[in-house]
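Source file: protein.csv; contents: CSV, C-alpha atoms.
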```csv
chain,number,residue,atom,x,y,z
K,1,MET,CA,151.0,-55.7,58.0
K,2,ILE,CA,150.2,-54.5,54.5
K,3,GLN,CA,148.5,-51.3,53.4
K,4,VAL,CA,145.8,-51.7,50.7
K,5,THR,CA,143.7,-49.0,49.1
K,6,VAL,CA,140.0,-50.1,49.0
K,7,ASN,CA,137.6,-47.9,47.2
K,8,GLY,CA,140.0,-45.0,47.5
K,9,ALA,CA,140.7,-45.3,51.3
K,10,ALA,CA,143.7,-46.9,53.0
K,11,HIS,CA,143.2,-50.1,55.0
K,12,ARG,CA,145.7,-52.3,56.9
K,13,PHE,CA,145.6,-56.1,57.0
K,14,ASP,CA,147.7,-58.8,58.6
K,15,THR,CA,149.3,-61.1,56.0
K,16,PRO,CA,148.7,-63.4,54.3
K,17,VAL,CA,145.3,-62.1,53.3
K,18,ASN,CA,143.2,-63.3,50.4
K,19,VAL,CA,140.4,-61.3,48.7
K,20,ARG,CA,137.7,-63.3,50.5
K,21,ALA,CA,139.2,-62.4,53.9
K,22,VAL,CA,139.4,-58.7,52.9
K,23,LEU,CA,135.7,-58.8,52.1
K,24,GLU,CA,134.9,-60.4,55.4
K,25,LYS,CA,137.0,-57.9,57.4
K,26,LEU,CA,135.2,-55.0,55.7
K,27,GLU,CA,131.9,-56.6,56.3
K,28,VAL,CA,130.8,-56.8,52.7
K,29,ALA,CA,131.2,-60.6,52.3
K,30,GLY,CA,127.5,-61.2,52.6
K,31,ARG,CA,126.6,-58.8,49.8
K,32,LYS,CA,126.7,-59.3,46.1
K,33,VAL,CA,129.8,-57.5,45.0
K,34,ALA,CA,132.4,-57.5,42.2
K,35,VAL,CA,136.0,-57.0,42.9
K,36,GLU,CA,138.7,-55.4,40.8
K,37,ARG,CA,142.4,-55.6,41.9
K,38,ASN,CA,144.9,-53.2,40.3
K,39,GLY,CA,142.5,-52.8,37.3
K,40,GLU,CA,141.8,-56.5,36.8
K,41,ILE,CA,138.6,-58.3,37.6
K,42,VAL,CA,139.0,-60.9,40.4
K,43,PRO,CA,136.4,-63.6,39.6
K,44,LYS,CA,134.4,-64.8,42.5
K,45,SER,CA,135.9,-68.3,42.0
K,46,LEU,CA,139.3,-66.9,42.8
K,47,HIS,CA,138.5,-64.8,45.9
K,48,GLN,CA,140.0,-67.4,48.2
K,49,GLU,CA,143.0,-68.1,46.0
K,50,ILE,CA,144.2,-64.6,45.2
K,51,LEU,CA,146.4,-63.0,47.9
K,52,VAL,CA,146.3,-59.3,48.4
K,53,GLN,CA,149.7,-57.6,48.3
K,54,ASP,CA,151.1,-54.4,49.9
K,55,GLY,CA,150.1,-51.4,47.9
K,56,ASP,CA,147.3,-53.1,46.0
K,57,HIS,CA,144.3,-51.1,44.8
K,58,LEU,CA,141.0,-52.8,45.3
K,59,GLU,CA,137.6,-51.6,44.0
K,60,ILE,CA,134.5,-53.3,45.5
K,61,VAL,CA,131.3,-52.4,43.6
K,62,ILE,CA,127.6,-53.2,43.9
K,63,ALA,CA,124.5,-52.5,41.8
K,64,VAL,CA,122.6,-49.4,42.9
K,65,GLY,CA,119.6,-47.5,41.5
K,66,GLY,CA,120.4,-45.7,38.3
K,67,GLY,CA,118.9,-44.6,35.0
C,1,MET,CA,103.4,-63.1,23.2
C,2,LYS,CA,101.7,-60.6,20.8
C,3,ASP,CA,103.9,-57.9,19.2
C,4,PRO,CA,107.0,-58.5,21.4
C,5,LEU,CA,110.0,-56.3,21.6
C,6,VAL,CA,112.9,-58.5,20.6
C,7,ILE,CA,116.4,-57.5,21.8
C,8,ALA,CA,119.4,-59.7,21.2
C,9,GLY,CA,117.0,-62.6,20.4
C,10,LYS,CA,115.0,-62.3,23.6
C,11,SER,CA,111.3,-61.3,23.5
C,12,TYR,CA,109.8,-58.8,26.0
C,13,GLY,CA,106.1,-58.0,26.4
C,14,SER,CA,106.7,-54.5,27.6
C,15,ARG,CA,108.2,-51.7,25.4
C,16,LEU,CA,108.9,-49.5,28.4
C,17,LEU,CA,112.3,-49.8,30.1
C,18,VAL,CA,112.8,-47.9,33.3
C,19,GLY,CA,115.7,-46.7,35.4
C,20,THR,CA,115.8,-47.3,39.1
C,21,GLY,CA,117.5,-44.1,40.3
C,22,LYS,CA,116.2,-41.0,42.1
C,23,TYR,CA,113.4,-42.7,44.0
C,24,ARG,CA,112.6,-41.8,47.7
C,25,ASP,CA,113.4,-45.3,48.9
C,26,PHE,CA,113.4,-48.9,47.7
C,27,ALA,CA,109.7,-49.3,48.4
C,28,GLN,CA,108.9,-46.5,46.0
C,29,THR,CA,111.4,-47.9,43.5
C,30,ARG,CA,109.7,-51.3,43.5
C,31,ALA,CA,106.1,-49.8,43.4
C,32,ALA,CA,107.0,-47.6,40.5
C,33,VAL,CA,108.8,-50.3,38.5
C,34,GLU,CA,105.9,-52.7,39.1
C,35,ALA,CA,103.3,-50.1,38.0
C,36,SER,CA,105.3,-49.4,34.8
C,37,GLY,CA,105.1,-53.0,33.8
C,38,ALA,CA,108.8,-52.8,32.7
C,39,GLU,CA,110.7,-56.1,32.3
C,40,ILE,CA,114.1,-54.4,31.7
C,41,VAL,CA,115.5,-52.1,34.4
C,42,THR,CA,118.7,-50.2,34.3
C,43,VAL,CA,121.0,-50.2,37.3
C,44,ALA,CA,124.3,-48.3,38.0
C,45,ILE,CA,127.5,-49.8,39.3
C,46,ARG,CA,129.0,-48.0,42.2
C,47,ARG,CA,131.6,-48.4,45.0
C,48,THR,CA,130.1,-50.1,48.0
C,49,ASN,CA,130.1,-48.1,51.2
C,50,ILE,CA,132.7,-49.8,53.5
C,51,GLY,CA,131.4,-49.9,57.0
C,52,GLN,CA,127.7,-49.6,56.2
C,53,ASN,CA,125.1,-51.9,57.8
C,54,PRO,CA,125.7,-55.3,56.1
C,55,ASN,CA,122.1,-56.2,56.6
C,56,GLU,CA,120.8,-53.2,54.7
C,57,PRO,CA,118.6,-54.3,51.8
C,58,SER,CA,120.2,-54.2,48.4
C,59,LEU,CA,118.6,-53.3,45.1
C,60,LEU,CA,119.1,-56.9,44.0
C,61,GLU,CA,116.7,-58.0,46.8
C,62,VAL,CA,114.2,-55.3,46.0
C,63,LEU,CA,114.1,-56.1,42.2
C,64,PRO,CA,115.3,-59.7,42.0
C,65,PRO,CA,117.2,-60.4,38.8
C,66,SER,CA,115.2,-63.6,38.5
C,67,LYS,CA,112.1,-61.4,37.8
C,68,PHE,CA,113.6,-58.5,35.9
C,69,THR,CA,116.2,-58.3,33.2
C,70,TYR,CA,119.0,-56.1,34.5
C,71,LEU,CA,120.6,-53.5,32.3
C,72,PRO,CA,123.7,-52.3,34.0
C,73,ASN,CA,124.7,-48.8,32.7
C,74,THR,CA,127.8,-46.8,32.5
C,75,ALA,CA,126.3,-43.6,33.8
C,76,GLY,CA,128.9,-41.2,34.9
C,77,CYS,CA,131.6,-42.5,32.5
C,78,TYR,CA,133.3,-39.9,30.3
C,79,SER,CA,135.7,-42.2,28.4
C,80,ALA,CA,135.6,-45.5,26.6
C,81,GLU,CA,138.1,-46.9,29.1
C,82,ASP,CA,135.9,-46.0,32.2
C,83,ALA,CA,132.8,-47.5,30.5
C,84,LEU,CA,134.6,-50.7,29.7
C,85,ARG,CA,135.9,-51.0,33.2
C,86,THR,CA,132.4,-50.5,34.6
C,87,LEU,CA,130.7,-53.0,32.4
C,88,ARG,CA,133.4,-55.7,33.0
C,89,LEU,CA,132.7,-55.2,36.7
C,90,ALA,CA,128.9,-55.4,36.0
C,91,ARG,CA,129.4,-58.7,34.2
C,92,GLU,CA,131.3,-60.1,37.1
C,93,LEU,CA,128.8,-58.8,39.6
C,94,LEU,CA,125.8,-60.2,37.7
C,95,ASP,CA,127.3,-63.6,37.1
C,96,GLY,CA,128.2,-63.3,33.4
C,97,HIS,CA,125.3,-61.1,32.4
C,98,GLU,CA,125.9,-59.8,28.9
C,99,LEU,CA,123.1,-57.3,28.1
C,100,VAL,CA,124.4,-53.8,29.0
C,101,LYS,CA,123.6,-50.1,28.4
C,102,LEU,CA,126.6,-48.2,27.1
C,103,GLU,CA,126.6,-44.5,27.7
C,104,VAL,CA,129.7,-42.3,27.4
C,105,LEU,CA,129.0,-38.8,28.4
C,106,GLY,CA,130.5,-35.7,26.9
C,107,ASP,CA,130.2,-33.2,29.7
C,108,SER,CA,128.4,-32.9,33.0
C,109,HIS,CA,126.2,-29.9,32.0
C,110,THR,CA,124.4,-31.5,29.0
C,111,LEU,CA,125.2,-35.2,29.6
C,112,TYR,CA,125.2,-35.3,25.8
C,113,PRO,CA,126.9,-38.5,24.5
C,114,ASN,CA,130.5,-38.4,23.4
C,115,MET,CA,130.1,-40.3,20.2
C,116,PRO,CA,133.8,-41.0,19.3
C,117,GLU,CA,134.3,-42.6,22.7
C,118,THR,CA,130.9,-44.3,22.5
C,119,LEU,CA,131.9,-45.9,19.2
C,120,LYS,CA,135.3,-47.0,20.5
C,121,ALA,CA,133.7,-48.6,23.6
C,122,ALA,CA,131.0,-50.3,21.6
C,123,GLU,CA,133.5,-51.9,19.4
C,124,GLN,CA,135.5,-53.3,22.2
C,125,LEU,CA,132.4,-54.4,24.2
C,126,VAL,CA,131.0,-56.3,21.2
C,127,LYS,CA,134.4,-58.0,20.8
C,128,GLU,CA,134.3,-59.1,24.4
C,129,GLY,CA,130.8,-60.7,23.9
C,130,PHE,CA,128.6,-58.0,25.5
C,131,LYS,CA,125.2,-57.3,24.0
C,132,VAL,CA,125.3,-53.6,23.8
C,133,MET,CA,122.3,-51.2,23.9
C,134,VAL,CA,123.8,-47.9,23.3
C,135,TYR,CA,122.8,-44.3,24.3
C,136,CYS,CA,123.7,-42.1,21.4
C,137,SER,CA,123.0,-38.8,19.6
C,138,ASP,CA,120.0,-38.8,17.2
C,139,ASP,CA,122.4,-38.8,14.2
C,140,PRO,CA,121.3,-41.5,11.7
C,141,ILE,CA,124.8,-42.0,10.3
C,142,GLN,CA,126.3,-42.7,13.8
C,143,ALA,CA,123.4,-44.9,14.6
C,144,GLN,CA,124.2,-46.9,11.5
C,145,MET,CA,127.8,-47.1,12.6
C,146,LEU,CA,126.8,-48.5,16.0
C,147,GLU,CA,124.5,-51.0,14.3
C,148,GLY,CA,127.4,-52.0,12.0
C,149,ILE,CA,129.7,-52.5,15.0
C,150,GLY,CA,127.1,-55.0,16.3
C,151,CYS,CA,125.1,-53.2,19.0
C,152,VAL,CA,121.8,-54.9,19.7
C,153,ALA,CA,119.8,-51.6,20.0
C,154,VAL,CA,120.4,-48.0,19.5
C,155,MET,CA,119.0,-45.5,21.9
C,156,PRO,CA,119.1,-41.9,20.8
C,157,LEU,CA,118.2,-39.1,23.1
C,158,ALA,CA,115.0,-37.2,22.6
C,159,SER,CA,116.3,-34.3,24.6
C,160,LEU,CA,118.9,-34.0,27.3
C,161,ILE,CA,119.0,-36.6,30.1
C,162,GLY,CA,116.8,-35.5,33.0
C,163,SER,CA,115.5,-32.4,31.1
C,164,GLY,CA,112.0,-33.7,30.5
C,165,MET,CA,111.9,-31.5,27.4
C,166,GLY,CA,110.3,-34.2,25.3
C,167,ILE,CA,111.1,-35.1,21.6
C,168,LEU,CA,112.8,-32.0,20.3
C,169,ASN,CA,113.7,-33.4,16.9
C,170,PRO,CA,111.2,-35.9,15.6
C,171,TRP,CA,112.7,-35.6,12.1
C,172,ASN,CA,116.1,-37.0,13.2
C,173,LEU,CA,114.4,-39.7,15.2
C,174,GLN,CA,112.5,-40.7,12.1
C,175,LEU,CA,115.7,-40.9,10.1
C,176,VAL,CA,117.3,-43.1,12.7
C,177,ILE,CA,114.2,-45.4,12.8
C,178,ASP,CA,114.3,-45.6,9.0
C,179,LYS,CA,118.0,-46.2,8.6
C,180,VAL,CA,118.6,-48.8,11.4
C,181,LYS,CA,117.3,-52.3,11.5
C,182,VAL,CA,118.0,-53.1,15.2
C,183,PRO,CA,115.5,-51.8,17.8
C,184,VAL,CA,115.5,-48.0,18.3
C,185,LEU,CA,114.6,-46.9,21.7
C,186,VAL,CA,114.3,-43.3,22.9
C,187,ASP,CA,116.5,-42.9,25.9
C,188,ALA,CA,116.4,-39.6,27.7
C,189,GLY,CA,114.3,-36.5,27.6
C,190,VAL,CA,110.8,-37.9,28.0
C,191,GLY,CA,108.9,-35.7,30.4
C,192,THR,CA,105.3,-36.9,30.4
C,193,ALA,CA,103.1,-39.5,29.0
C,194,SER,CA,102.4,-37.7,25.6
C,195,ASP,CA,106.2,-37.6,24.9
C,196,ALA,CA,106.4,-41.4,25.3
C,197,ALA,CA,103.3,-41.8,23.1
C,198,VAL,CA,104.8,-39.6,20.4
C,199,ALA,CA,108.1,-41.6,20.4
C,200,MET,CA,106.1,-44.8,19.9
C,201,GLU,CA,103.9,-43.2,17.2
C,202,LEU,CA,107.0,-42.2,15.3
C,203,GLY,CA,107.9,-45.9,15.2
C,204,CYS,CA,110.3,-46.3,18.0
C,205,ASP,CA,110.5,-49.9,19.3
C,206,GLY,CA,110.6,-48.8,22.9
C,207,VAL,CA,111.2,-46.0,25.4
C,208,LEU,CA,113.7,-45.9,28.3
C,209,MET,CA,113.1,-43.4,31.1
C,210,ASN,CA,113.9,-42.7,34.7
C,211,THR,CA,113.5,-39.1,35.8
C,212,ALA,CA,110.0,-38.6,34.1
C,213,ILE,CA,108.7,-41.2,36.5
C,214,ALA,CA,110.9,-40.7,39.6
C,215,ALA,CA,110.6,-36.9,39.6
C,216,ALA,CA,106.8,-36.9,39.1
C,217,ARG,CA,104.8,-35.8,42.1
C,218,ASP,CA,103.3,-39.3,42.2
C,219,PRO,CA,105.9,-41.6,40.7
C,220,VAL,CA,103.7,-44.7,40.9
C,221,MET,CA,100.8,-43.0,39.1
C,222,MET,CA,103.2,-41.6,36.5
C,223,ALA,CA,104.6,-45.1,35.9
C,224,LYS,CA,101.1,-46.3,35.2
C,225,ALA,CA,100.5,-43.4,32.8
C,226,MET,CA,103.8,-44.2,31.0
C,227,ARG,CA,102.8,-47.8,30.6
C,228,LYS,CA,99.6,-46.8,29.0
C,229,ALA,CA,101.2,-44.1,26.8
C,230,VAL,CA,103.8,-46.6,25.4
C,231,GLU,CA,101.0,-49.1,24.7
C,232,ALA,CA,98.8,-46.5,23.1
C,233,GLY,CA,101.6,-45.0,21.0
C,234,ARG,CA,102.6,-48.5,19.8
C,235,GLU,CA,99.0,-49.3,18.9
C,236,ALA,CA,98.6,-46.0,17.1
C,237,PHE,CA,101.8,-46.7,15.1
C,238,LEU,CA,100.6,-50.2,14.2
C,239,ALA,CA,97.1,-49.0,13.3
C,240,GLY,CA,98.6,-46.3,11.0
C,241,ARG,CA,97.4,-42.8,11.5
C,242,MET,CA,95.2,-40.9,9.0
C,243,PRO,CA,97.0,-38.5,6.7
C,244,LYS,CA,97.2,-34.9,7.9
C,245,LYS,CA,95.2,-32.4,5.8
C,246,LEU,CA,95.5,-28.6,5.9
C,247,TYR,CA,91.7,-28.0,5.6
C,248,ALA,CA,88.7,-29.8,7.0
C,249,ALA,CA,87.9,-31.2,3.6
C,250,ALA,CA,85.6,-34.0,4.8
C,251,PRO,CA,83.1,-33.6,7.7
C,252,SER,CA,82.6,-36.6,9.9
C,253,SER,CA,78.8,-36.4,9.8
C,254,PRO,CA,76.6,-36.9,6.7
C,255,THR,CA,76.2,-33.8,4.5
C,256,GLU,CA,72.8,-35.0,3.4
C,257,GLY,CA,69.6,-34.3,5.3
C,258,THR,CA,70.8,-31.4,7.3
C,259,ILE,CA,68.0,-29.2,8.8
C,260,PRO,CA,67.9,-25.9,6.9
C,261,SER,CA,68.5,-22.8,9.0
C,262,SER,CA,66.5,-19.7,8.3
C,263,ARG,CA,69.5,-17.6,9.3
C,264,SER,CA,72.5,-19.2,7.7
C,265,LYS,CA,73.6,-22.2,5.6
C,266,ALA,CA,74.7,-25.0,7.9
C,267,ALA,CA,77.8,-26.9,7.0
```
What is this structure when it is put down as structure tokens?
Amino acid sequence: MIQVTVNGAAHRFDTPVNVRAVLEKLEVAGRKVAVERNGEIVPKSLHQEILVQDGDHLEIVIAVGGG
Amino acid sequence: MKDPLVIAGKSYGSRLLVGTGKYRDFAQTRAAVEASGAEIVTVAIRRTNIGQNPNEPSLLEVLPPSKFTYLPNTAGCYSAEDALRTLRLARELLDGHELVKLEVLGDSHTLYPNMPETLKAAEQLVKEGFKVMVYCSDDPIQAQMLEGIGCVAVMPLASLIGSGMGILNPWNLQLVIDKVKVPVLVDAGVGTASDAAVAMELGCDGVLMNTAIAAARDPVMMAKAMRKAVEAGREAFLAGRMPKKLYAAAPSSPTEGTIPSSRSKAA
């Protein structure tokens, strides 16, 4: 079990877990999102490759209405 | 396309750019954007709500990026660092999309731009290959600096964001228009159609607005009004207005053949 902060809130995952799996567990996999891990962009092409580690900070963002 | 607005080498038929925030729902967002005729729409980048209904429609479905040019913004950013982070995420989110709106705010009461941070962020974004349209003060010297850095459009405020106060300093706006070669768009402060028309009559290349439409009693009708105002203002600018005169030196009707009055001399 690892603890990961996603959008400011703590989440626990069984290891090993890649970015893609995190998105699926959080039910955002179907949406168009961008992911940042510890301040670095994780390109979509690497979502399955990059493993999330204990203590990581993830940001998952979408486009919303704005001026 | 007649008289297109050219930004970063791409031509647009509409000179009205609109925001997509503050609408009642997505249906109203779409109806207003469509009524405005805008081709470029601003969007914000925000954390997704974990645990929300995954089938809920998203803005990208309501306003498909295949139909509209997205302009991701950095609204809510108060430092160059936050703005850079937001736009890097936007580029990843929108599959390498490069056209962005940079705004670095100074404080939450005025939402006035923080120009030193704006200049810093603009420089780095241009280095990273972004095409930067930049919200800025109506200071002609800073506008030139932003152009010098390589921004593709400068977007001075007409008055504070969301204030609807209209164009408070047409003289400064005129200076920016005269000094800068890249497109100048009024971003922020437009309250009603005549404000948009005035901006265009001054020679602005376009107008960007959100609240003026979204906060109108009938946003869709206001979107339509703004579309006409921007078109009318542009045409008036191109047509070239008559010079202003202090006195009515020349009546519009013939002075010959007036019917004499027994009481007074008619003009």
Go ahead and compute the interatomic distance for CA of Ser163 in chain C and CA of Val190 in chain C, in Å to one decimal.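 So the two atoms, CA of Ser163 in chain C and CA of Val190 in chain C, lie 7.9 Å apart.
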Got a sec: who's within 12 Å of His11 in chain K, counting all atoms listed in the file, leaving out chain neighbours fewer than 2 positions off, as a list in words?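 After dropping sequence-adjacent residues, the list is Met1, Ile2, Gln3, Val4, Thr5, Val6, Asn7, Gly8, Ala9, Phe13, Asp14, Val22, Leu23, Lys25, Leu26, Val52, Gln53, Asp54, Gly55, Asp56, His57 and Leu58 of chain K; Ile50 and Gly51 of chain C.
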Sorted by chain and rising residue number, which residues of chain K lie within 9 Å of chain C, and what are their closest atom pairs and distances in Å to one decimal, counting all atoms listed in the file, as a Markdown table?
```
| residue | atom | partner | partner_atom | distance |
| --- | --- | --- | --- | --- |
| K:Val6 | CA | C:Ile50 | CA | 8.6 |
| K:Asn7 | CA | C:Arg47 | CA | 6.4 |
| K:Leu26 | CA | C:Ile50 | CA | 6.2 |
| K:Glu27 | CA | C:Pro54 | CA | 6.3 |
| K:Val28 | CA | C:Pro54 | CA | 6.3 |
| K:Ala29 | CA | C:Pro54 | CA | 8.5 |
| K:Gly30 | CA | C:Pro54 | CA | 7.1 |
| K:Arg31 | CA | C:Pro54 | CA | 7.3 |
| K:Lys32 | CA | C:Leu93 | CA | 6.8 |
| K:Val33 | CA | C:Leu93 | CA | 5.6 |
| K:Ala34 | CA | C:Leu93 | CA | 4.6 |
| K:Val35 | CA | C:Leu89 | CA | 7.3 |
| K:Glu36 | CA | C:Leu89 | CA | 7.3 |
| K:Gly39 | CA | C:Arg85 | CA | 8.0 |
| K:Glu40 | CA | C:Arg85 | CA | 8.8 |
| K:Ile41 | CA | C:Leu89 | CA | 6.7 |
| K:Val42 | CA | C:Glu92 | CA | 8.4 |
| K:Pro43 | CA | C:Glu92 | CA | 6.7 |
| K:Lys44 | CA | C:Glu92 | CA | 7.8 |
| K:Glu59 | CA | C:Arg47 | CA | 6.9 |
| K:Ile60 | CA | C:Arg47 | CA | 5.7 |
| K:Val61 | CA | C:Arg47 | CA | 4.2 |
| K:Ile62 | CA | C:Arg46 | CA | 5.6 |
| K:Ala63 | CA | C:Ile45 | CA | 4.7 |
| K:Val64 | CA | C:Ala44 | CA | 5.3 |
| K:Gly65 | CA | C:Gly21 | CA | 4.2 |
| K:Gly66 | CA | C:Gly21 | CA | 3.9 |
| K:Gly67 | CA | C:Gly19 | CA | 3.8 |
```
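The two atoms in question, CA of Gly148 in chain C and CA of Asp178 in chain C, are spaced 14.9 Å apart.
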One number please: CA of Ala143 in chain C to CA of Val230 in chain C, in Å, one decimal. 22.4 Å
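Between Leu99 in chain C and the candidates C:Thr69, C:Asn114, C:Gln144, C:Ser79, the tightest atom-to-atom separation, counting only C-alpha atoms, involves C:Thr69.
Nearest-residue note for Asp205 in chain C: choosing from C:Arg263, C:Arg30, C:Arg234, C:Arg227, the minimum distance belongs to C:Arg234, counting all atoms listed in the file.
Here the selection is built from all atoms listed in the file, and the residues within 10 Å of (96.6, -37.6, 31.9) turn out to be Thr192, Ala193, Ser194, Met221, Met222, Ala225, Met226 and Ala229 of chain C.
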